[in-house]
Amino acid sequence: MKIGLIGFNQTGKTSLFELLTGKESADITGGGRGSSNVGTCFIPDERVDFISSIYKPKKTTYAKIELTDVPGFSPSVDGHSSGAAKFLNDVRQCDALIHVLRAFNSDSIVHDLESINPARDFEALESEMLLADLEMIEKRITRINAAKKLTKELSDELNLLERCFSHLEDGGKIRDMNLTENEQLAVRGFSFLTEKPCLVVVNLDENQWADNKTYPGKDTLLSLFKISDDTHSPITELCVAMELEISRLSESDRQLFMEDMGIVEPGISVLAKAAYTLLSLISFLTYGEDEVRAWTIDKGTVAKIAAGKIHTDIERGFIRAEVVKYNDFHELGSIAKVKEKGLFRLEGKDYVVADGDIITFRFNV
């Protein structure tokens, strides 16, 4: 799964990429100017931390997602220019999007549109993606209508595309359409931009963050949240500059800083978890003296398929899954005590794995 960071120039997008991936600016490499940068974001997980504190493993491995820092979009670029085309093509390669919006004030960093208005910026980039989807659908409809024979498959595709086109013309996004499972699979094959799940990050300055996360222009703020609701794009507010400062402190200084600022959990942890949820991903956990690890799977995955994430032999020779609920383990402190309480479960291949399940797979090959 790949999440793309998108937005206008000078929004703090690349700083957010550094924060999520742990890469310093000097370490970020790409194919040259205007190229996307790729990195790995590890998902903070207190469950992994707790299990590791019990077993003291040689290695602790967190769940992870791949991030792409897509070069900034310039609103002055004509939608038909090569620059915009490359931007849209880079976005098309991503499975989900984090749209970074600028709210912070700075005399030294000039906004492309010379004023700060995150609601306007969000709508501008969403419009570009919507128009790109309309253009793609229009071309495909033309090719279908030009076919010598309209098969049932082509007829079904044409009907679906016409519905999508009409929805987009009305200002909707493909991600908010009520599609059947088969229609969702068909749509996914086109990599429509407005079909991709989208999380919005509003980048504040420290004064805005301290002032109860507010920023100039009440109407602008209300408009942004309405757009977010209408487009099914949840909002997270961050002060990226402050989060970078926190991340560079020692553990003891970090805790003191957070306490002074009244921060319960670093915003970057909240964002990483939100991004994980955005893709409908969950984690199951494994434990031992060698490694405690979170394994990433799609929500709704059954035990046998989950076993294959560890090794295909385990899936092939699956016998059963020994499952402990994390909350039971956390409360009782050991697998042995969980068993004593009768909370240890044996599950078959069709068991739907829940987020946080601690699992030992039994198999025979």
# chains A, B, ... in the order shown; residues from 1 in each chain; ligands from 1
$ residues_around --residues "stretch 283-286 of chain A" --least-positions-apart "2" --cutoff "9 Å" --atoms "only C-alpha atoms" --output "JSON, numbers by chain"
{"A": [47, 48, 63, 281, 288, 291, 292, 293, 294, 295, 296, 297, 298, 299, 306, 326, 353, 354, 355, 356, 357, 358, 359, 360]}
$ residues_around --residues "A:Ile268" --least-positions-apart "6" --cutoff "9 Å" --atoms "only C-alpha atoms" --output "list in words"
Leu16, Leu19, Leu20, Leu238, Val240 and Glu243 of chain A
$ write_last_selection --atoms "N, CA and C atoms" --output "PDB file, in the first residue's frame"
ATOM      1  N   LEU A  16       6.671  17.182   6.385  1.00  0.00           N
ATOM      2  CA  LEU A  16       5.825  16.128   6.930  1.00  0.00           C
ATOM      3  C   LEU A  16       6.340  14.754   6.494  1.00  0.00           C
ATOM      4  N   LEU A  19       9.200  13.914   8.634  1.00  0.00           N
ATOM      5  CA  LEU A  19       8.729  13.566   9.970  1.00  0.00           C
ATOM      6  C   LEU A  19       8.187  12.144  10.023  1.00  0.00           C
ATOM      7  N   LEU A  20       7.398  11.771   9.024  1.00  0.00           N
ATOM      8  CA  LEU A  20       6.780  10.443   9.006  1.00  0.00           C
ATOM      9  C   LEU A  20       7.789   9.333   8.713  1.00  0.00           C
ATOM     10  N   LEU A 238      -2.157  19.722  12.354  1.00  0.00           N
ATOM     11  CA  LEU A 238      -0.811  19.545  12.895  1.00  0.00           C
ATOM     12  C   LEU A 238      -0.026  20.843  12.791  1.00  0.00           C
ATOM     13  N   VAL A 240       3.492  21.092  11.911  1.00  0.00           N
ATOM     14  CA  VAL A 240       4.593  20.231  11.470  1.00  0.00           C
ATOM     15  C   VAL A 240       5.924  20.704  12.032  1.00  0.00           C
ATOM     16  N   GLU A 243       6.145  19.522  15.536  1.00  0.00           N
ATOM     17  CA  GLU A 243       6.296  18.066  15.577  1.00  0.00           C
ATOM     18  C   GLU A 243       7.728  17.654  15.222  1.00  0.00           C
TER      19      GLU A 243
END
$ atom_distance --atom1 "atom CA of A:Ser52" --atom2 "atom CA of A:Asp350"
28.6 Å
$ closest_atom_pairs --of "stretch 38-119 of chain A" --to "stretch 226-236 of chain A" --cutoff "10 Å" --atoms "only C-alpha atoms" --output "JSON lines"
{"residue": "A:Leu97", "atom": "CA", "partner": "A:Ser233", "partner_atom": "CA", "distance": 9.7}
{"residue": "A:Ile98", "atom": "CA", "partner": "A:Ser233", "partner_atom": "CA", "distance": 9.3}
{"residue": "A:His99", "atom": "CA", "partner": "A:Ser233", "partner_atom": "CA", "distance": 9.2}
{"residue": "A:Val100", "atom": "CA", "partner": "A:Thr236", "partner_atom": "CA", "distance": 9.7}
{"residue": "A:Ala119", "atom": "CA", "partner": "A:Ile227", "partner_atom": "CA", "distance": 7.6}
$ residues_around --residues "A:Ile314" --least-positions-apart "4" --cutoff "10 Å" --atoms "only C-alpha atoms" --output "mmCIF file with C-alpha atoms, in the first residue's frame"
data_model
loop_
_atom_site.group_PDB
_atom_site.id
_atom_site.type_symbol
_atom_site.label_atom_id
_atom_site.label_comp_id
_atom_site.auth_asym_id
_atom_site.auth_seq_id
_atom_site.Cartn_x
_atom_site.Cartn_y
_atom_site.Cartn_z
ATOM 1 C CA LYS A 304 -5.548 -18.795 6.812
ATOM 2 C CA ILE A 305 -4.807 -15.827 4.544
ATOM 3 C CA ALA A 306 -3.306 -13.896 7.467
ATOM 4 C CA ALA A 307 -0.957 -16.834 8.087
ATOM 5 C CA GLY A 308 0.350 -16.398 4.557
ATOM 6 C CA LYS A 309 1.601 -12.917 5.458
ATOM 7 C CA ILE A 310 4.212 -14.622 7.637
ATOM 8 C CA PHE A 318 -2.623 -24.255 8.131
ATOM 9 C CA ILE A 319 -4.123 -26.322 10.982
ATOM 10 C CA PHE A 361 -0.321 -20.379 13.899
ATOM 11 C CA ARG A 362 -0.095 -24.155 13.956
ATOM 12 C CA PHE A 363 0.683 -25.754 10.606
ATOM 13 C CA ASN A 364 2.066 -28.879 8.976
ATOM 14 C CA VAL A 365 3.792 -29.113 5.577
#
$ atom_distance --atom1 "atom CA of A:Asn9" --atom2 "atom CA of A:Asp112"
7.0 Å
$ select_by_dssp --residues "stretch 230-327 of chain A" --states "helix (DSSP H, G or I)" --output "short mmCIF file (atom, residue, chain, number, x, y, z; two decimals) with C-alpha atoms, in the first residue's frame"
data_model
loop_
_atom_site.label_atom_id
_atom_site.label_comp_id
_atom_site.auth_asym_id
_atom_site.auth_seq_id
_atom_site.Cartn_x
_atom_site.Cartn_y
_atom_site.Cartn_z
CA ASP A 230 -18.90 16.34 1.61
CA VAL A 240 4.59 20.23 11.47
CA ALA A 241 7.39 22.56 12.61
CA MET A 242 6.63 21.80 16.26
CA GLU A 243 6.30 18.07 15.58
CA LEU A 244 9.74 18.09 13.94
CA GLU A 245 11.13 19.82 17.03
CA ILE A 246 9.54 17.17 19.27
CA SER A 247 10.89 14.29 17.17
CA GLU A 251 13.01 10.75 25.12
CA SER A 252 13.12 12.52 28.51
CA ASP A 253 13.09 16.02 26.99
CA ARG A 254 10.31 14.96 24.62
CA GLN A 255 8.07 13.94 27.51
CA LEU A 256 8.74 17.20 29.37
CA PHE A 257 8.03 19.27 26.25
CA MET A 258 4.77 17.42 25.61
CA GLU A 259 3.66 17.85 29.22
CA ASP A 260 4.41 21.58 29.08
CA MET A 261 2.40 21.88 25.86
CA GLY A 267 0.32 14.50 16.47
CA ILE A 268 2.52 12.48 14.18
CA SER A 269 1.40 9.27 15.92
CA VAL A 270 -2.23 10.32 15.52
CA LEU A 271 -1.64 11.02 11.83
CA ALA A 272 0.20 7.74 11.18
CA LYS A 273 -2.63 5.76 12.77
CA ALA A 274 -5.23 7.77 10.83
CA ALA A 275 -3.40 7.00 7.58
CA TYR A 276 -3.34 3.30 8.49
CA THR A 277 -7.08 3.38 9.18
CA LEU A 278 -7.67 5.28 5.93
CA ALA A 303 -6.90 -16.59 9.59
CA LYS A 304 -5.55 -18.80 6.81
CA ILE A 305 -4.81 -15.83 4.54
CA ALA A 306 -3.31 -13.90 7.47
CA ALA A 307 -0.96 -16.83 8.09
CA GLY A 308 0.35 -16.40 4.56
CA LYS A 309 1.60 -12.92 5.46
CA ILE A 310 4.21 -14.62 7.64
CA THR A 312 3.28 -19.19 2.35
CA ASP A 313 4.12 -22.56 3.96
CA ILE A 314 2.10 -21.58 7.04
CA GLU A 315 -0.91 -20.77 4.87
CA ARG A 316 -0.52 -23.95 2.84
CA TYR A 326 -4.68 -8.07 23.32
CA ASN A 327 -6.83 -6.51 26.05
#
$ residues_around --residues "stretch 107-109 of chain A" --least-positions-apart "6" --cutoff "12 Å" --atoms "only C-alpha atoms" --output "PyMOL selection string"
chain A and resi 9-12+115-116
$ write_last_selection --atoms "C-alpha atoms" --output "PDB file, in the first residue's frame"
ATOM      1  CA  ASN A   9       4.278  24.157  -3.137  1.00  0.00           C
ATOM      2  CA  GLN A  10       5.482  25.512   0.230  1.00  0.00           C
ATOM      3  CA  THR A  11       2.821  23.784   2.351  1.00  0.00           C
ATOM      4  CA  GLY A  12       5.247  21.859   4.602  1.00  0.00           C
ATOM      5  CA  SER A 115      -2.878  34.469   0.359  1.00  0.00           C
ATOM      6  CA  ILE A 116      -3.651  31.781   2.942  1.00  0.00           C
TER       7      ILE A 116
END
$ residues_around --residues "A:Ile335" --least-positions-apart "3" --cutoff "12 Å" --atoms "only C-alpha atoms" --output "VMD selection string"
chain A and resid 51 54 to 55 287 to 288 322 to 332 338 to 345 358 to 360
$ write_last_selection --atoms "N, CA and C atoms" --output "PDB file, in the first residue's frame"
ATOM      1  N   ILE A  51       3.954  -5.638  24.629  1.00  0.00           N
ATOM      2  CA  ILE A  51       4.361  -7.042  24.475  1.00  0.00           C
ATOM      3  C   ILE A  51       5.883  -7.151  24.497  1.00  0.00           C
ATOM      4  N   ILE A  54       7.340  -7.168  27.900  1.00  0.00           N
ATOM      5  CA  ILE A  54       7.180  -8.443  28.604  1.00  0.00           C
ATOM      6  C   ILE A  54       8.210  -9.467  28.134  1.00  0.00           C
ATOM      7  N   TYR A  55       8.393  -9.582  26.812  1.00  0.00           N
ATOM      8  CA  TYR A  55       9.227 -10.657  26.248  1.00  0.00           C
ATOM      9  C   TYR A  55      10.678 -10.254  26.015  1.00  0.00           C
ATOM     10  N   TYR A 287       4.567 -12.954  18.837  1.00  0.00           N
ATOM     11  CA  TYR A 287       5.487 -12.697  19.938  1.00  0.00           C
ATOM     12  C   TYR A 287       6.473 -13.853  20.095  1.00  0.00           C
ATOM     13  N   GLY A 288       7.553 -13.561  20.773  1.00  0.00           N
ATOM     14  CA  GLY A 288       8.565 -14.565  21.068  1.00  0.00           C
ATOM     15  C   GLY A 288       9.845 -13.876  21.496  1.00  0.00           C
ATOM     16  N   GLU A 322      -4.090 -20.087  17.218  1.00  0.00           N
ATOM     17  CA  GLU A 322      -4.260 -19.909  18.663  1.00  0.00           C
ATOM     18  C   GLU A 322      -4.295 -18.404  18.929  1.00  0.00           C
ATOM     19  N   VAL A 323      -5.454 -17.928  19.399  1.00  0.00           N
ATOM     20  CA  VAL A 323      -5.713 -16.488  19.452  1.00  0.00           C
ATOM     21  C   VAL A 323      -5.895 -16.001  20.886  1.00  0.00           C
ATOM     22  N   VAL A 324      -5.218 -14.927  21.201  1.00  0.00           N
ATOM     23  CA  VAL A 324      -5.391 -14.228  22.474  1.00  0.00           C
ATOM     24  C   VAL A 324      -5.742 -12.780  22.154  1.00  0.00           C
ATOM     25  N   LYS A 325      -6.773 -12.259  22.784  1.00  0.00           N
ATOM     26  CA  LYS A 325      -7.133 -10.859  22.602  1.00  0.00           C
ATOM     27  C   LYS A 325      -6.141  -9.980  23.362  1.00  0.00           C
ATOM     28  N   TYR A 326      -5.702  -8.915  22.700  1.00  0.00           N
ATOM     29  CA  TYR A 326      -4.676  -8.074  23.320  1.00  0.00           C
ATOM     30  C   TYR A 326      -5.124  -7.529  24.676  1.00  0.00           C
ATOM     31  N   ASN A 327      -6.361  -7.083  24.784  1.00  0.00           N
ATOM     32  CA  ASN A 327      -6.831  -6.510  26.046  1.00  0.00           C
ATOM     33  C   ASN A 327      -6.747  -7.515  27.186  1.00  0.00           C
ATOM     34  N   ASP A 328      -7.017  -8.789  26.893  1.00  0.00           N
ATOM     35  CA  ASP A 328      -6.893  -9.829  27.921  1.00  0.00           C
ATOM     36  C   ASP A 328      -5.433  -9.999  28.327  1.00  0.00           C
ATOM     37  N   PHE A 329      -4.540 -10.007  27.343  1.00  0.00           N
ATOM     38  CA  PHE A 329      -3.112 -10.144  27.630  1.00  0.00           C
ATOM     39  C   PHE A 329      -2.610  -8.950  28.445  1.00  0.00           C
ATOM     40  N   HIS A 330      -3.048  -7.755  28.063  1.00  0.00           N
ATOM     41  CA  HIS A 330      -2.614  -6.545  28.759  1.00  0.00           C
ATOM     42  C   HIS A 330      -3.082  -6.555  30.213  1.00  0.00           C
ATOM     43  N   GLU A 331      -4.299  -7.017  30.431  1.00  0.00           N
ATOM     44  CA  GLU A 331      -4.850  -7.040  31.793  1.00  0.00           C
ATOM     45  C   GLU A 331      -4.170  -8.097  32.657  1.00  0.00           C
ATOM     46  N   LEU A 332      -3.903  -9.275  32.089  1.00  0.00           N
ATOM     47  CA  LEU A 332      -3.387 -10.399  32.875  1.00  0.00           C
ATOM     48  C   LEU A 332      -1.862 -10.520  32.834  1.00  0.00           C
ATOM     49  N   VAL A 338      -3.793 -15.943  30.779  1.00  0.00           N
ATOM     50  CA  VAL A 338      -4.932 -15.887  29.858  1.00  0.00           C
ATOM     51  C   VAL A 338      -5.544 -17.275  29.718  1.00  0.00           C
ATOM     52  N   LYS A 339      -4.684 -18.288  29.602  1.00  0.00           N
ATOM     53  CA  LYS A 339      -5.171 -19.674  29.499  1.00  0.00           C
ATOM     54  C   LYS A 339      -5.877 -20.103  30.776  1.00  0.00           C
ATOM     55  N   GLU A 340      -5.340 -19.715  31.915  1.00  0.00           N
ATOM     56  CA  GLU A 340      -5.955 -20.066  33.199  1.00  0.00           C
ATOM     57  C   GLU A 340      -7.371 -19.517  33.307  1.00  0.00           C
ATOM     58  N   LYS A 341      -7.584 -18.356  32.741  1.00  0.00           N
ATOM     59  CA  LYS A 341      -8.900 -17.706  32.795  1.00  0.00           C
ATOM     60  C   LYS A 341      -9.843 -18.221  31.701  1.00  0.00           C
ATOM     61  N   GLY A 342      -9.370 -19.147  30.884  1.00  0.00           N
ATOM     62  CA  GLY A 342     -10.214 -19.692  29.815  1.00  0.00           C
ATOM     63  C   GLY A 342     -10.449 -18.729  28.671  1.00  0.00           C
ATOM     64  N   LEU A 343      -9.542 -17.761  28.482  1.00  0.00           N
ATOM     65  CA  LEU A 343      -9.714 -16.744  27.434  1.00  0.00           C
ATOM     66  C   LEU A 343      -8.861 -17.022  26.204  1.00  0.00           C
ATOM     67  N   PHE A 344      -8.182 -18.155  26.197  1.00  0.00           N
ATOM     68  CA  PHE A 344      -7.368 -18.587  25.067  1.00  0.00           C
ATOM     69  C   PHE A 344      -8.277 -19.302  24.066  1.00  0.00           C
ATOM     70  N   ARG A 345      -8.187 -18.956  22.786  1.00  0.00           N
ATOM     71  CA  ARG A 345      -9.133 -19.486  21.803  1.00  0.00           C
ATOM     72  C   ARG A 345      -8.417 -20.207  20.666  1.00  0.00           C
ATOM     73  N   ILE A 358      -3.426 -11.418  19.111  1.00  0.00           N
ATOM     74  CA  ILE A 358      -2.105 -12.032  19.270  1.00  0.00           C
ATOM     75  C   ILE A 358      -2.260 -13.479  18.837  1.00  0.00           C
ATOM     76  N   ILE A 359      -1.547 -13.873  17.775  1.00  0.00           N
ATOM     77  CA  ILE A 359      -1.816 -15.163  17.147  1.00  0.00           C
ATOM     78  C   ILE A 359      -0.553 -16.019  17.035  1.00  0.00           C
ATOM     79  N   THR A 360      -0.716 -17.315  17.348  1.00  0.00           N
ATOM     80  CA  THR A 360       0.283 -18.324  17.039  1.00  0.00           C
ATOM     81  C   THR A 360      -0.365 -19.307  16.074  1.00  0.00           C
TER      82      THR A 360
END
$ closest_residue --among "A:Leu249, A:Asn105, A:Lys149, A:Asn159" --to "A:Trp209" --atoms "only C-alpha atoms"
A:Asn105
